[in-house]
Structure formats: structure tokens, C-alpha cells
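File shown: my_file.txt (compact mmCIF, C-alpha atoms).
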# COMPACT_ATOMS: atom_id res chain seq x y z
CA MET Z 33 64.86 -20.64 -22.15
CA ASP Z 34 61.19 -21.49 -22.25
CA THR Z 35 58.63 -19.16 -23.78
CA VAL Z 36 57.26 -17.78 -20.51
CA THR Z 37 60.67 -17.09 -19.00
CA GLY Z 38 61.91 -15.59 -22.25
CA SER Z 39 58.85 -13.37 -22.51
CA LEU Z 40 59.22 -12.17 -18.93
CA ALA Z 41 62.92 -11.42 -19.42
CA LEU Z 42 62.20 -9.56 -22.65
CA ASP Z 43 59.37 -7.60 -21.00
CA ARG Z 44 61.67 -6.57 -18.15
CA LEU Z 45 64.39 -5.57 -20.60
CA ARG Z 46 61.89 -3.60 -22.68
CA ARG Z 47 60.86 -1.68 -19.57
CA ASP Z 48 64.33 -1.18 -18.06
CA ASP Z 49 66.54 -0.92 -21.13
CA PRO Z 50 64.81 -0.67 -24.53
CA ARG Z 51 68.11 -0.79 -26.41
CA ALA Z 52 69.07 -4.03 -24.65
CA ALA Z 53 65.63 -5.44 -25.48
CA ALA Z 54 66.13 -4.66 -29.16
CA ALA Z 55 69.58 -6.28 -29.06
CA HIS Z 56 68.10 -9.33 -27.35
CA ARG Z 57 65.38 -9.68 -29.99
CA GLY Z 58 68.01 -9.38 -32.70
CA ALA Z 59 70.17 -12.04 -31.05
CA LEU Z 60 67.21 -14.40 -30.81
CA ALA Z 61 66.46 -13.86 -34.50
CA VAL Z 62 70.08 -14.67 -35.38
CA ASN Z 63 69.86 -17.82 -33.27
CA LEU Z 64 66.72 -18.99 -35.05
CA VAL Z 65 68.28 -18.35 -38.46
CA LEU Z 66 71.51 -20.15 -37.55
CA ASN Z 67 69.70 -23.19 -36.18
CA ALA Z 68 67.43 -23.44 -39.20
CA SER Z 69 70.35 -22.81 -41.55
CA TRP Z 70 72.51 -25.56 -40.10
CA SER Z 71 69.75 -28.13 -40.37
CA TRP Z 72 69.01 -27.16 -43.96
CA VAL Z 73 72.67 -26.92 -45.02
CA PHE Z 74 73.68 -30.19 -43.37
CA PHE Z 75 70.69 -32.44 -44.00
CA ARG Z 76 69.05 -31.01 -47.12
CA ALA Z 77 71.87 -29.45 -49.13
CA HIS Z 78 74.63 -31.81 -47.97
CA ARG Z 79 77.12 -28.93 -48.00
CA LEU Z 80 79.50 -30.04 -45.32
CA PRO Z 81 81.97 -27.11 -45.50
CA ALA Z 82 79.06 -24.66 -45.13
CA ALA Z 83 77.67 -26.75 -42.27
CA VAL Z 84 81.02 -26.39 -40.50
CA VAL Z 85 80.85 -22.59 -40.86
CA VAL Z 86 77.28 -22.44 -39.55
CA ALA Z 87 78.16 -24.76 -36.65
CA GLY Z 88 81.09 -22.48 -35.82
CA ALA Z 89 78.75 -19.51 -35.73
CA LEU Z 90 76.45 -21.46 -33.43
CA ALA Z 91 79.35 -22.13 -31.04
CA PRO Z 92 79.95 -18.35 -30.39
CA TRP Z 93 76.18 -17.98 -30.06
CA CYS Z 94 76.15 -20.63 -27.32
CA THR Z 95 78.98 -18.80 -25.57
CA PHE Z 96 76.99 -15.55 -25.74
CA ALA Z 97 73.86 -17.31 -24.46
CA THR Z 98 75.82 -18.74 -21.53
CA VAL Z 99 77.17 -15.32 -20.57
CA LEU Z 100 73.73 -13.70 -20.92
CA SER Z 101 72.01 -16.42 -18.89
CA THR Z 102 74.60 -16.16 -16.15
CA ALA Z 103 74.24 -12.38 -15.95
CA LEU Z 104 70.44 -12.62 -15.73
CA TRP Z 105 70.67 -15.37 -13.11
CA ARG Z 106 72.98 -13.24 -10.96
CA ARG Z 107 70.70 -10.22 -11.25
CA ASN Z 108 67.57 -12.18 -10.34
CA ARG Z 109 68.61 -14.37 -7.42

As a first step, turn the structure in this file into C-alpha cells.
Amino acid sequence: MDTVTGSLALDRLRRDDPRAAAAHRGALAVNLVLNASWSWVFFRAHRLPAAVVVAGALAPWCTFATVLSTALWRRNR
């Protein structure tokens, strides 16, 4: 999701459902932390078992992002 689209979606959520907006912001923060963590754990720390765990957490995140994107797409046709 690019910055403009993400900002517009978050603005609409903030207006229509503040609790959903807060959850969305939290999910985005988790995504940023997971992505940064995997890169650091894999490339910098060379901790392969930990990298597997972080990658596994990223996989459910991608599933969540797919479901969220689909729901928003259906609502905004």
C-alpha cells in the first residue's frame, strides 16, 4: 500500500471507526518491527532459528494483510 492510499484509508477509518483505526496503526507498527527484525536477525546476527520464527510471524501478517486489502477493495469498488 503506498503512502497516499494508506493515509486515505487510515483517515477514513479514523472518521468511521476510531477503534479500527487504532488497530490498523498497531498492525502497521507490528509489520514494521517484524520486517526490520527479520533483516537484522538474518543478515546481521546470523541467528537462523530466530529468523525462521520471525519469518513465520511475517507469514500470518501477510495473510492478515491480504484479508484486510480484500475487504477494503470490496467496500470501495

Using all atoms listed in the file, can you tell me which of Z:Val86, Z:Ala91, Z:Ala59, Z:Leu104 comes closest to Trp72 of chain Z?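 Among Z:Val86, Z:Ala91, Z:Ala59, Z:Leu104, it is Z:Val86 that comes nearest to Trp72 of chain Z.
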
If we count only C-alpha atoms, what is near segment 48-57 of chain Z at a cut-off of 12 Å, once residues fewer than 4 positions away on the same chain are taken out, given as a ChimeraX atom specification? /Z:38-44,61-64,96-97,100-101

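Closest approach to Asn67 of chain Z among Z:Ala103, Z:Arg47, Z:Thr98, Z:Trp93: Z:Trp93, based on all atoms listed in the file.
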
Take atom CA of Cys94 of chain Z and atom CA of Ser71 of chain Z and report the distance between them in Å, one decimal. 16.4 Å

Kindly extract all protein, DNA and RNA residues lying within 9 Å of the coordinates (74.9, -27.7, -41.3) given in the file, considering only C-alpha atoms, and supply them as number ranges by chain. Z: 67-87

Check the smallest atom-to-atom distance from each of Z:Leu66, Z:Gly58, Z:Trp105, Z:Arg46 to Ala89 of chain Z using only C-alpha atoms, then report the winner. Z:Leu66

Output segment 61-91 of chain Z as a PDB file, in the frame of the given file, making sure N, CA and C atoms are there.
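This went into rebuild32.pdb:
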ATOM      1  N   ALA Z  61      66.718 -13.658 -33.067  1.00  0.00           N
ATOM      2  CA  ALA Z  61      66.460 -13.860 -34.500  1.00  0.00           C
ATOM      3  C   ALA Z  61      67.668 -14.522 -35.172  1.00  0.00           C
ATOM      4  N   VAL Z  62      68.861 -14.061 -34.823  1.00  0.00           N
ATOM      5  CA  VAL Z  62      70.080 -14.670 -35.380  1.00  0.00           C
ATOM      6  C   VAL Z  62      70.154 -16.134 -34.982  1.00  0.00           C
ATOM      7  N   ASN Z  63      69.837 -16.440 -33.727  1.00  0.00           N
ATOM      8  CA  ASN Z  63      69.860 -17.820 -33.270  1.00  0.00           C
ATOM      9  C   ASN Z  63      68.897 -18.696 -34.068  1.00  0.00           C
ATOM     10  N   LEU Z  64      67.702 -18.212 -34.278  1.00  0.00           N
ATOM     11  CA  LEU Z  64      66.720 -18.990 -35.050  1.00  0.00           C
ATOM     12  C   LEU Z  64      67.209 -19.233 -36.475  1.00  0.00           C
ATOM     13  N   VAL Z  65      67.769 -18.216 -37.091  1.00  0.00           N
ATOM     14  CA  VAL Z  65      68.280 -18.350 -38.460  1.00  0.00           C
ATOM     15  C   VAL Z  65      69.444 -19.334 -38.511  1.00  0.00           C
ATOM     16  N   LEU Z  66      70.367 -19.235 -37.562  1.00  0.00           N
ATOM     17  CA  LEU Z  66      71.510 -20.150 -37.550  1.00  0.00           C
ATOM     18  C   LEU Z  66      71.071 -21.598 -37.356  1.00  0.00           C
ATOM     19  N   ASN Z  67      70.163 -21.824 -36.413  1.00  0.00           N
ATOM     20  CA  ASN Z  67      69.700 -23.190 -36.180  1.00  0.00           C
ATOM     21  C   ASN Z  67      68.992 -23.754 -37.405  1.00  0.00           C
ATOM     22  N   ALA Z  68      68.128 -22.974 -37.998  1.00  0.00           N
ATOM     23  CA  ALA Z  68      67.430 -23.440 -39.200  1.00  0.00           C
ATOM     24  C   ALA Z  68      68.409 -23.629 -40.352  1.00  0.00           C
ATOM     25  N   SER Z  69      69.374 -22.718 -40.456  1.00  0.00           N
ATOM     26  CA  SER Z  69      70.350 -22.810 -41.550  1.00  0.00           C
ATOM     27  C   SER Z  69      71.197 -24.065 -41.445  1.00  0.00           C
ATOM     28  N   TRP Z  70      71.658 -24.381 -40.242  1.00  0.00           N
ATOM     29  CA  TRP Z  70      72.510 -25.560 -40.100  1.00  0.00           C
ATOM     30  C   TRP Z  70      71.745 -26.812 -40.500  1.00  0.00           C
ATOM     31  N   SER Z  71      70.543 -26.946 -40.020  1.00  0.00           N
ATOM     32  CA  SER Z  71      69.750 -28.130 -40.370  1.00  0.00           C
ATOM     33  C   SER Z  71      69.568 -28.239 -41.878  1.00  0.00           C
ATOM     34  N   TRP Z  72      69.239 -27.137 -42.526  1.00  0.00           N
ATOM     35  CA  TRP Z  72      69.010 -27.160 -43.960  1.00  0.00           C
ATOM     36  C   TRP Z  72      70.312 -27.457 -44.705  1.00  0.00           C
ATOM     37  N   VAL Z  73      71.386 -26.746 -44.337  1.00  0.00           N
ATOM     38  CA  VAL Z  73      72.670 -26.920 -45.020  1.00  0.00           C
ATOM     39  C   VAL Z  73      73.207 -28.334 -44.848  1.00  0.00           C
ATOM     40  N   PHE Z  74      73.111 -28.869 -43.648  1.00  0.00           N
ATOM     41  CA  PHE Z  74      73.680 -30.190 -43.370  1.00  0.00           C
ATOM     42  C   PHE Z  74      72.821 -31.311 -43.948  1.00  0.00           C
ATOM     43  N   PHE Z  75      71.530 -31.318 -43.618  1.00  0.00           N
ATOM     44  CA  PHE Z  75      70.690 -32.440 -44.000  1.00  0.00           C
ATOM     45  C   PHE Z  75      70.132 -32.339 -45.424  1.00  0.00           C
ATOM     46  N   ARG Z  76      69.723 -31.166 -45.823  1.00  0.00           N
ATOM     47  CA  ARG Z  76      69.050 -31.010 -47.120  1.00  0.00           C
ATOM     48  C   ARG Z  76      70.039 -30.778 -48.258  1.00  0.00           C
ATOM     49  N   ALA Z  77      70.955 -29.820 -48.059  1.00  0.00           N
ATOM     50  CA  ALA Z  77      71.870 -29.450 -49.130  1.00  0.00           C
ATOM     51  C   ALA Z  77      73.136 -30.303 -49.157  1.00  0.00           C
ATOM     52  N   HIS Z  78      73.419 -30.969 -48.064  1.00  0.00           N
ATOM     53  CA  HIS Z  78      74.630 -31.810 -47.970  1.00  0.00           C
ATOM     54  C   HIS Z  78      75.891 -31.019 -48.284  1.00  0.00           C
ATOM     55  N   ARG Z  79      75.944 -29.794 -47.799  1.00  0.00           N
ATOM     56  CA  ARG Z  79      77.120 -28.930 -48.000  1.00  0.00           C
ATOM     57  C   ARG Z  79      77.913 -28.903 -46.694  1.00  0.00           C
ATOM     58  N   LEU Z  80      78.784 -29.872 -46.570  1.00  0.00           N
ATOM     59  CA  LEU Z  80      79.500 -30.040 -45.320  1.00  0.00           C
ATOM     60  C   LEU Z  80      80.411 -28.864 -44.957  1.00  0.00           C
ATOM     61  N   PRO Z  81      81.157 -28.273 -45.901  1.00  0.00           N
ATOM     62  CA  PRO Z  81      81.970 -27.110 -45.500  1.00  0.00           C
ATOM     63  C   PRO Z  81      81.098 -25.958 -44.966  1.00  0.00           C
ATOM     64  N   ALA Z  82      79.969 -25.712 -45.602  1.00  0.00           N
ATOM     65  CA  ALA Z  82      79.060 -24.660 -45.130  1.00  0.00           C
ATOM     66  C   ALA Z  82      78.477 -25.022 -43.770  1.00  0.00           C
ATOM     67  N   ALA Z  83      78.197 -26.305 -43.564  1.00  0.00           N
ATOM     68  CA  ALA Z  83      77.670 -26.750 -42.270  1.00  0.00           C
ATOM     69  C   ALA Z  83      78.687 -26.504 -41.162  1.00  0.00           C
ATOM     70  N   VAL Z  84      79.970 -26.664 -41.487  1.00  0.00           N
ATOM     71  CA  VAL Z  84      81.020 -26.390 -40.500  1.00  0.00           C
ATOM     72  C   VAL Z  84      81.019 -24.903 -40.126  1.00  0.00           C
ATOM     73  N   VAL Z  85      80.875 -24.039 -41.112  1.00  0.00           N
ATOM     74  CA  VAL Z  85      80.850 -22.590 -40.860  1.00  0.00           C
ATOM     75  C   VAL Z  85      79.654 -22.222 -39.991  1.00  0.00           C
ATOM     76  N   VAL Z  86      78.488 -22.747 -40.329  1.00  0.00           N
ATOM     77  CA  VAL Z  86      77.280 -22.440 -39.550  1.00  0.00           C
ATOM     78  C   VAL Z  86      77.424 -22.977 -38.127  1.00  0.00           C
ATOM     79  N   ALA Z  87      77.959 -24.196 -37.981  1.00  0.00           N
ATOM     80  CA  ALA Z  87      78.160 -24.760 -36.650  1.00  0.00           C
ATOM     81  C   ALA Z  87      79.139 -23.909 -35.841  1.00  0.00           C
ATOM     82  N   GLY Z  88      80.156 -23.381 -36.499  1.00  0.00           N
ATOM     83  CA  GLY Z  88      81.090 -22.480 -35.820  1.00  0.00           C
ATOM     84  C   GLY Z  88      80.419 -21.212 -35.337  1.00  0.00           C
ATOM     85  N   ALA Z  89      79.505 -20.697 -36.140  1.00  0.00           N
ATOM     86  CA  ALA Z  89      78.750 -19.510 -35.730  1.00  0.00           C
ATOM     87  C   ALA Z  89      77.833 -19.831 -34.555  1.00  0.00           C
ATOM     88  N   LEU Z  90      77.293 -21.046 -34.546  1.00  0.00           N
ATOM     89  CA  LEU Z  90      76.450 -21.460 -33.430  1.00  0.00           C
ATOM     90  C   LEU Z  90      77.251 -21.588 -32.134  1.00  0.00           C
ATOM     91  N   ALA Z  91      78.516 -21.989 -32.237  1.00  0.00           N
ATOM     92  CA  ALA Z  91      79.350 -22.130 -31.040  1.00  0.00           C
ATOM     93  C   ALA Z  91      79.536 -20.775 -30.338  1.00  0.00           C
TER      94      ALA Z  91
END
